[in-house]
Amino acid sequence: MAEANEKRRVVEVTVVRGTRINSLRYNTACGYIFYKKEQRGNVLRLECYKRKLGCPCTIAMRDGIYVQTGEHNHDTEIMEQRRAAVLRECEIIASDPRMGRLGPEAIVAEAQSRHPKAKIVLNSAVKRRIQRAREHAARSPGRPRTPETPSARPQSKRPVTPVPFLFMSI
Ligand SMILES: [Zn+2]
């Protein structure tokens with residue numbers, strides 16, 4: 001492959017849920033975002049989120065070790081990683097039965113308080129995500145939930161442990 005002369009290095013990756021149903025996003029600790037290209041045998045190949053803009057960066061993962069080839073031709077996606085994390089938080093809150101009565105504004109405010117560095121505004125796309133998460137949670141009443149914490153009130157500013165199902169980042 002043409003990769004032979006290119007720079008390779010091991011990168012640290014966190015896998016989170018992607019924006020599409022059943023998709024995964026791979027965030028590198030240095031602030032870039034990758035998506036799955038293909039799985040061949042025991043090698044998972046990822047390509048940069050900015051592939052279509054000409055970024056040549058790829059990652060091959062074997063046995064949990066992520067090796068990046070190439071250099072990015074663009075800035076990091078740290079703001080996008082944070083935006084995605086706070087959006088996910090909105091979904092977690094919306095699907096949390098202890099938070100069920102919160103309106104969209106309060107959900108965004110709560111998510112924002114858990115991710116102070118991220119910035120989101122409550123637009124129609126965010127409202128749809130909240131609504132969808134709520135409907136999804138309502139359709140899955142038999143799923144195991146974390147035991148209720150008596151002190152966790154919806155009005156509480158204190159972070160509440162996210163419910164570790166459905167919208168969990170792995
Ligand atoms: Zn890139």
# chains A, B, ... in the order shown; residues from 1 in each chain; ligands from 1

call {"tool": "closest_atom_pairs", "arguments": {"of": "range 1-26 of chain A", "to": "range 32-41 of chain A", "cutoff": "12 Å", "atoms": "only C-alpha atoms", "output": "tab-separated table"}}
result
residue	atom	partner	partner_atom	distance
A:Val11	CA	A:Tyr32	CA	10.4
A:Glu12	CA	A:Tyr32	CA	10.5
A:Val13	CA	A:Ile33	CA	9.2
A:Thr14	CA	A:Ile33	CA	9.6
A:Val15	CA	A:Phe34	CA	9.5
A:Val16	CA	A:Ile33	CA	10.2
A:Arg17	CA	A:Tyr35	CA	10.6
A:Gly18	CA	A:Tyr35	CA	8.5
A:Thr19	CA	A:Tyr35	CA	10.9
A:Arg20	CA	A:Tyr35	CA	11.3
A:Asn22	CA	A:Lys36	CA	11.8
A:Ser23	CA	A:Tyr35	CA	8.4
A:Leu24	CA	A:Tyr35	CA	6.8
A:Arg25	CA	A:Tyr35	CA	5.4
A:Tyr26	CA	A:Phe34	CA	4.9

call {"tool": "write_last_selection", "arguments": {"atoms": "N, CA and C atoms", "output": "tab-separated table (two decimals), in the first residue's frame"}}
result
chain	number	residue	atom	x	y	z
A	11	VAL	N	-2.53	6.36	18.38
A	11	VAL	CA	-3.35	7.44	18.94
A	11	VAL	C	-4.36	6.85	19.93
A	12	GLU	N	-4.77	7.70	20.84
A	12	GLU	CA	-5.76	7.30	21.83
A	12	GLU	C	-7.15	7.64	21.31
A	13	VAL	N	-8.07	6.66	21.33
A	13	VAL	CA	-9.38	6.85	20.72
A	13	VAL	C	-10.51	6.56	21.71
A	14	THR	N	-11.51	7.40	21.71
A	14	THR	CA	-12.73	7.16	22.48
A	14	THR	C	-13.86	6.94	21.48
A	15	VAL	N	-14.60	5.85	21.67
A	15	VAL	CA	-15.71	5.54	20.76
A	15	VAL	C	-17.00	6.10	21.34
A	16	VAL	N	-17.69	6.91	20.55
A	16	VAL	CA	-18.98	7.45	21.00
A	16	VAL	C	-20.02	7.16	19.93
A	17	ARG	N	-21.28	7.37	20.27
A	17	ARG	CA	-22.31	7.14	19.27
A	17	ARG	C	-22.24	8.23	18.20
A	18	GLY	N	-22.47	7.84	16.96
A	18	GLY	CA	-22.45	8.82	15.87
A	18	GLY	C	-23.78	9.52	15.73
A	19	THR	N	-23.87	10.41	14.76
A	19	THR	CA	-25.11	11.16	14.59
A	19	THR	C	-26.20	10.31	13.93
A	20	ARG	N	-25.80	9.32	13.13
A	20	ARG	CA	-26.81	8.45	12.53
A	20	ARG	C	-27.07	7.27	13.44
A	22	ASN	N	-27.20	3.83	14.94
A	22	ASN	CA	-26.26	2.71	14.91
A	22	ASN	C	-24.88	3.05	14.36
A	23	SER	N	-24.57	4.32	14.19
A	23	SER	CA	-23.23	4.65	13.74
A	23	SER	C	-22.37	4.97	14.94
A	24	LEU	N	-21.07	4.80	14.76
A	24	LEU	CA	-20.13	5.12	15.83
A	24	LEU	C	-19.17	6.17	15.33
A	25	ARG	N	-18.71	6.95	16.25
A	25	ARG	CA	-17.75	7.98	15.94
A	25	ARG	C	-16.52	7.70	16.79
A	26	TYR	N	-15.37	7.91	16.22
A	26	TYR	CA	-14.12	7.63	16.94
A	26	TYR	C	-13.41	8.96	17.16

call {"tool": "closest_atom_pairs", "arguments": {"of": "chain A", "to": "ligand 1", "cutoff": "12 Å", "atoms": "only C-alpha atoms and all ligand atoms", "output": "CSV"}}
result
residue,atom,partner,partner_atom_place_in_ligand_line,distance
A:Asn27,CA,ligand 1,1 (Zn),11.4
A:Thr28,CA,ligand 1,1 (Zn),10.8
A:Cys30,CA,ligand 1,1 (Zn),11.3
A:Gly31,CA,ligand 1,1 (Zn),10.0
A:Tyr32,CA,ligand 1,1 (Zn),6.7
A:Ile33,CA,ligand 1,1 (Zn),7.5
A:Phe34,CA,ligand 1,1 (Zn),7.9
A:Tyr35,CA,ligand 1,1 (Zn),10.8
A:Leu46,CA,ligand 1,1 (Zn),11.0
A:Glu47,CA,ligand 1,1 (Zn),8.0
A:Cys48,CA,ligand 1,1 (Zn),4.6
A:Tyr49,CA,ligand 1,1 (Zn),6.3
A:Lys50,CA,ligand 1,1 (Zn),5.1
A:Arg51,CA,ligand 1,1 (Zn),6.4
A:Lys52,CA,ligand 1,1 (Zn),9.5
A:Leu53,CA,ligand 1,1 (Zn),8.5
A:Gly54,CA,ligand 1,1 (Zn),8.1
A:Cys55,CA,ligand 1,1 (Zn),4.6
A:Pro56,CA,ligand 1,1 (Zn),6.6
A:Cys57,CA,ligand 1,1 (Zn),5.3
A:Thr58,CA,ligand 1,1 (Zn),8.1
A:Ile59,CA,ligand 1,1 (Zn),10.5
A:Gln68,CA,ligand 1,1 (Zn),10.6
A:Thr69,CA,ligand 1,1 (Zn),10.5
A:Gly70,CA,ligand 1,1 (Zn),8.8
A:Glu71,CA,ligand 1,1 (Zn),7.1
A:His72,CA,ligand 1,1 (Zn),4.0
A:Asn73,CA,ligand 1,1 (Zn),5.9
A:His74,CA,ligand 1,1 (Zn),6.1
A:Asp75,CA,ligand 1,1 (Zn),8.0
A:Thr76,CA,ligand 1,1 (Zn),8.0
A:Glu77,CA,ligand 1,1 (Zn),9.0

call {"tool": "write_last_selection", "arguments": {"atoms": "C-alpha atoms", "output": "tab-separated table (two decimals), in the first residue's frame"}}
result
chain	number	residue	atom	x	y	z
A	27	ASN	CA	-12.73	10.66	18.74
A	28	THR	CA	-8.97	10.90	19.05
A	30	CYS	CA	-5.82	15.02	20.04
A	31	GLY	CA	-9.22	16.29	18.91
A	32	TYR	CA	-10.00	14.64	15.57
A	33	ILE	CA	-12.99	12.59	14.50
A	34	PHE	CA	-12.99	9.37	12.48
A	35	TYR	CA	-15.66	7.07	11.08
A	46	LEU	CA	-11.25	4.31	9.96
A	47	GLU	CA	-11.11	7.44	7.89
A	48	CYS	CA	-11.11	11.06	8.91
A	49	TYR	CA	-14.41	12.86	9.24
A	50	LYS	CA	-13.00	15.42	6.78
A	51	ARG	CA	-12.15	12.77	4.19
A	52	LYS	CA	-14.42	14.40	1.64
A	53	LEU	CA	-12.51	17.64	2.07
A	54	GLY	CA	-9.34	15.84	1.05
A	55	CYS	CA	-7.92	14.81	4.42
A	56	PRO	CA	-5.79	11.71	3.85
A	57	CYS	CA	-5.68	10.60	7.48
A	58	THR	CA	-6.66	7.01	8.26
A	59	ILE	CA	-6.51	4.76	11.29
A	68	GLN	CA	-2.90	6.60	12.59
A	69	THR	CA	-1.34	7.07	9.17
A	70	GLY	CA	-0.91	10.47	7.57
A	71	GLU	CA	-1.38	14.00	8.82
A	72	HIS	CA	-4.59	15.97	8.96
A	73	ASN	CA	-4.88	18.88	6.55
A	74	HIS	CA	-7.23	20.84	8.80
A	75	ASP	CA	-7.72	22.06	12.37
A	76	THR	CA	-8.90	19.84	15.20
A	77	GLU	CA	-12.58	19.10	15.79

call {"tool": "atom_distance", "arguments": {"atom1": "CA of Arg45 in chain A", "atom2": "CA of Met61 in chain A"}}
result
6.4 Å

call {"tool": "select_by_dssp", "arguments": {"residues": "range 4-152 of chain A", "states": "helix (DSSP H, G or I)", "output": "JSON, numbers by chain"}}
result
{"A": [4, 5, 51, 52, 53, 78, 79, 80, 81, 82, 83, 84, 85, 86, 87, 88, 89, 90, 91, 92, 93, 94, 95, 97, 98, 99, 104, 105, 106, 107, 108, 109, 110, 111, 112, 113, 114, 124, 125, 126, 127, 128, 129, 130, 131, 132, 133, 134, 135, 136, 137, 138, 139]}

call {"tool": "write_last_selection", "arguments": {"atoms": "N, CA and C atoms", "output": "compact mmCIF listing (two decimals), in the first residue's frame"}}
result
# COMPACT_ATOMS: atom_id res chain seq x y z
N ALA A 4 3.28 3.05 3.08
CA ALA A 4 4.60 2.67 3.59
C ALA A 4 5.48 3.85 3.99
N ASN A 5 5.46 4.92 3.21
CA ASN A 5 6.36 6.04 3.51
C ASN A 5 5.72 7.09 4.42
N ARG A 51 -12.64 13.49 5.36
CA ARG A 51 -12.15 12.77 4.19
C ARG A 51 -12.61 13.44 2.89
N LYS A 52 -13.86 13.82 2.87
CA LYS A 52 -14.42 14.40 1.64
C LYS A 52 -13.80 15.76 1.32
N LEU A 53 -13.18 16.37 2.32
CA LEU A 53 -12.51 17.64 2.07
C LEU A 53 -11.03 17.40 1.77
N ILE A 78 -12.21 19.75 18.09
CA ILE A 78 -12.53 19.71 19.52
C ILE A 78 -13.90 20.34 19.80
N MET A 79 -14.21 21.44 19.12
CA MET A 79 -15.51 22.08 19.34
C MET A 79 -16.64 21.15 18.91
N GLU A 80 -16.43 20.45 17.80
CA GLU A 80 -17.45 19.51 17.32
C GLU A 80 -17.57 18.32 18.29
N GLN A 81 -16.44 17.83 18.80
CA GLN A 81 -16.49 16.74 19.78
C GLN A 81 -17.30 17.18 21.00
N ARG A 82 -17.07 18.41 21.44
CA ARG A 82 -17.80 18.91 22.62
C ARG A 82 -19.27 19.12 22.31
N ARG A 83 -19.54 19.66 21.12
CA ARG A 83 -20.94 19.90 20.73
C ARG A 83 -21.69 18.56 20.71
N ALA A 84 -21.03 17.53 20.13
CA ALA A 84 -21.66 16.22 20.06
C ALA A 84 -21.88 15.65 21.46
N ALA A 85 -20.92 15.88 22.35
CA ALA A 85 -21.03 15.35 23.71
C ALA A 85 -22.20 15.99 24.46
N VAL A 86 -22.40 17.29 24.27
CA VAL A 86 -23.48 17.97 24.99
C VAL A 86 -24.83 17.59 24.38
N LEU A 87 -24.85 17.35 23.06
CA LEU A 87 -26.08 16.88 22.43
C LEU A 87 -26.46 15.50 22.96
N ARG A 88 -25.45 14.65 23.08
CA ARG A 88 -25.68 13.31 23.64
C ARG A 88 -26.22 13.42 25.06
N GLU A 89 -25.66 14.37 25.80
CA GLU A 89 -26.11 14.58 27.17
C GLU A 89 -27.59 14.95 27.18
N CYS A 90 -28.01 15.76 26.24
CA CYS A 90 -29.44 16.13 26.13
C CYS A 90 -30.28 14.87 25.96
N GLU A 91 -29.81 13.95 25.13
CA GLU A 91 -30.57 12.71 24.90
C GLU A 91 -30.61 11.86 26.16
N ILE A 92 -29.48 11.81 26.86
CA ILE A 92 -29.42 11.02 28.09
C ILE A 92 -30.41 11.59 29.11
N ILE A 93 -30.43 12.90 29.24
CA ILE A 93 -31.34 13.54 30.19
C ILE A 93 -32.79 13.32 29.77
N ALA A 94 -33.05 13.48 28.46
CA ALA A 94 -34.42 13.34 27.96
C ALA A 94 -34.94 11.93 28.17
N SER A 95 -34.05 10.93 28.15
CA SER A 95 -34.51 9.55 28.28
C SER A 95 -34.41 9.04 29.72
N PRO A 97 -35.72 8.62 33.23
CA PRO A 97 -37.05 8.75 33.84
C PRO A 97 -37.09 9.75 34.99
N ARG A 98 -35.95 9.98 35.63
CA ARG A 98 -35.93 10.95 36.74
C ARG A 98 -35.99 12.37 36.22
N MET A 99 -35.69 12.55 34.93
CA MET A 99 -35.64 13.88 34.34
C MET A 99 -36.83 14.14 33.41
N PRO A 104 -37.57 21.15 27.02
CA PRO A 104 -36.34 21.21 26.22
C PRO A 104 -35.35 22.28 26.70
N GLU A 105 -35.84 23.43 27.12
CA GLU A 105 -34.93 24.50 27.58
C GLU A 105 -34.15 24.04 28.80
N ALA A 106 -34.88 23.41 29.74
CA ALA A 106 -34.25 22.95 30.98
C ALA A 106 -33.28 21.80 30.70
N ILE A 107 -33.61 20.97 29.73
CA ILE A 107 -32.71 19.86 29.37
C ILE A 107 -31.40 20.40 28.81
N VAL A 108 -31.52 21.37 27.91
CA VAL A 108 -30.31 21.98 27.34
C VAL A 108 -29.48 22.66 28.44
N ALA A 109 -30.17 23.35 29.34
CA ALA A 109 -29.46 24.03 30.44
C ALA A 109 -28.73 23.02 31.32
N GLU A 110 -29.38 21.90 31.62
CA GLU A 110 -28.78 20.86 32.45
C GLU A 110 -27.57 20.24 31.73
N ALA A 111 -27.75 19.95 30.43
CA ALA A 111 -26.66 19.35 29.64
C ALA A 111 -25.48 20.33 29.57
N GLN A 112 -25.81 21.60 29.40
CA GLN A 112 -24.78 22.63 29.33
C GLN A 112 -24.00 22.73 30.64
N SER A 113 -24.72 22.55 31.76
CA SER A 113 -24.05 22.65 33.06
C SER A 113 -23.10 21.46 33.28
N ARG A 114 -23.39 20.33 32.60
CA ARG A 114 -22.51 19.17 32.72
C ARG A 114 -21.32 19.28 31.76
N SER A 124 -34.25 23.80 16.21
CA SER A 124 -35.23 22.74 15.92
C SER A 124 -34.58 21.37 15.85
N ALA A 125 -33.32 21.31 15.39
CA ALA A 125 -32.64 20.02 15.32
C ALA A 125 -32.42 19.44 16.72
N VAL A 126 -32.04 20.30 17.65
CA VAL A 126 -31.83 19.86 19.03
C VAL A 126 -33.15 19.41 19.64
N LYS A 127 -34.20 20.18 19.36
CA LYS A 127 -35.53 19.80 19.88
C LYS A 127 -35.94 18.43 19.35
N ARG A 128 -35.66 18.17 18.08
CA ARG A 128 -36.02 16.87 17.50
C ARG A 128 -35.24 15.75 18.17
N ARG A 129 -33.96 15.99 18.44
CA ARG A 129 -33.15 14.95 19.09
C ARG A 129 -33.72 14.64 20.47
N ILE A 130 -34.10 15.67 21.20
CA ILE A 130 -34.66 15.51 22.54
C ILE A 130 -35.96 14.73 22.46
N GLN A 131 -36.80 15.13 21.51
CA GLN A 131 -38.10 14.47 21.34
C GLN A 131 -37.93 13.00 20.98
N ARG A 132 -36.99 12.73 20.07
CA ARG A 132 -36.76 11.35 19.63
C ARG A 132 -36.23 10.50 20.78
N ALA A 133 -35.34 11.05 21.56
CA ALA A 133 -34.78 10.30 22.70
C ALA A 133 -35.88 9.97 23.70
N ARG A 134 -36.77 10.91 23.90
CA ARG A 134 -37.87 10.73 24.83
C ARG A 134 -38.82 9.63 24.34
N GLU A 135 -39.14 9.69 23.06
CA GLU A 135 -40.04 8.68 22.48
C GLU A 135 -39.39 7.30 22.53
N HIS A 136 -38.10 7.26 22.24
CA HIS A 136 -37.39 5.99 22.25
C HIS A 136 -37.41 5.39 23.65
N ALA A 137 -37.17 6.22 24.65
CA ALA A 137 -37.17 5.74 26.04
C ALA A 137 -38.56 5.27 26.43
N ALA A 138 -39.59 5.98 25.96
CA ALA A 138 -40.97 5.62 26.30
C ALA A 138 -41.36 4.29 25.68
N ARG A 139 -40.76 3.98 24.53
CA ARG A 139 -41.09 2.71 23.87
C ARG A 139 -40.35 1.53 24.47
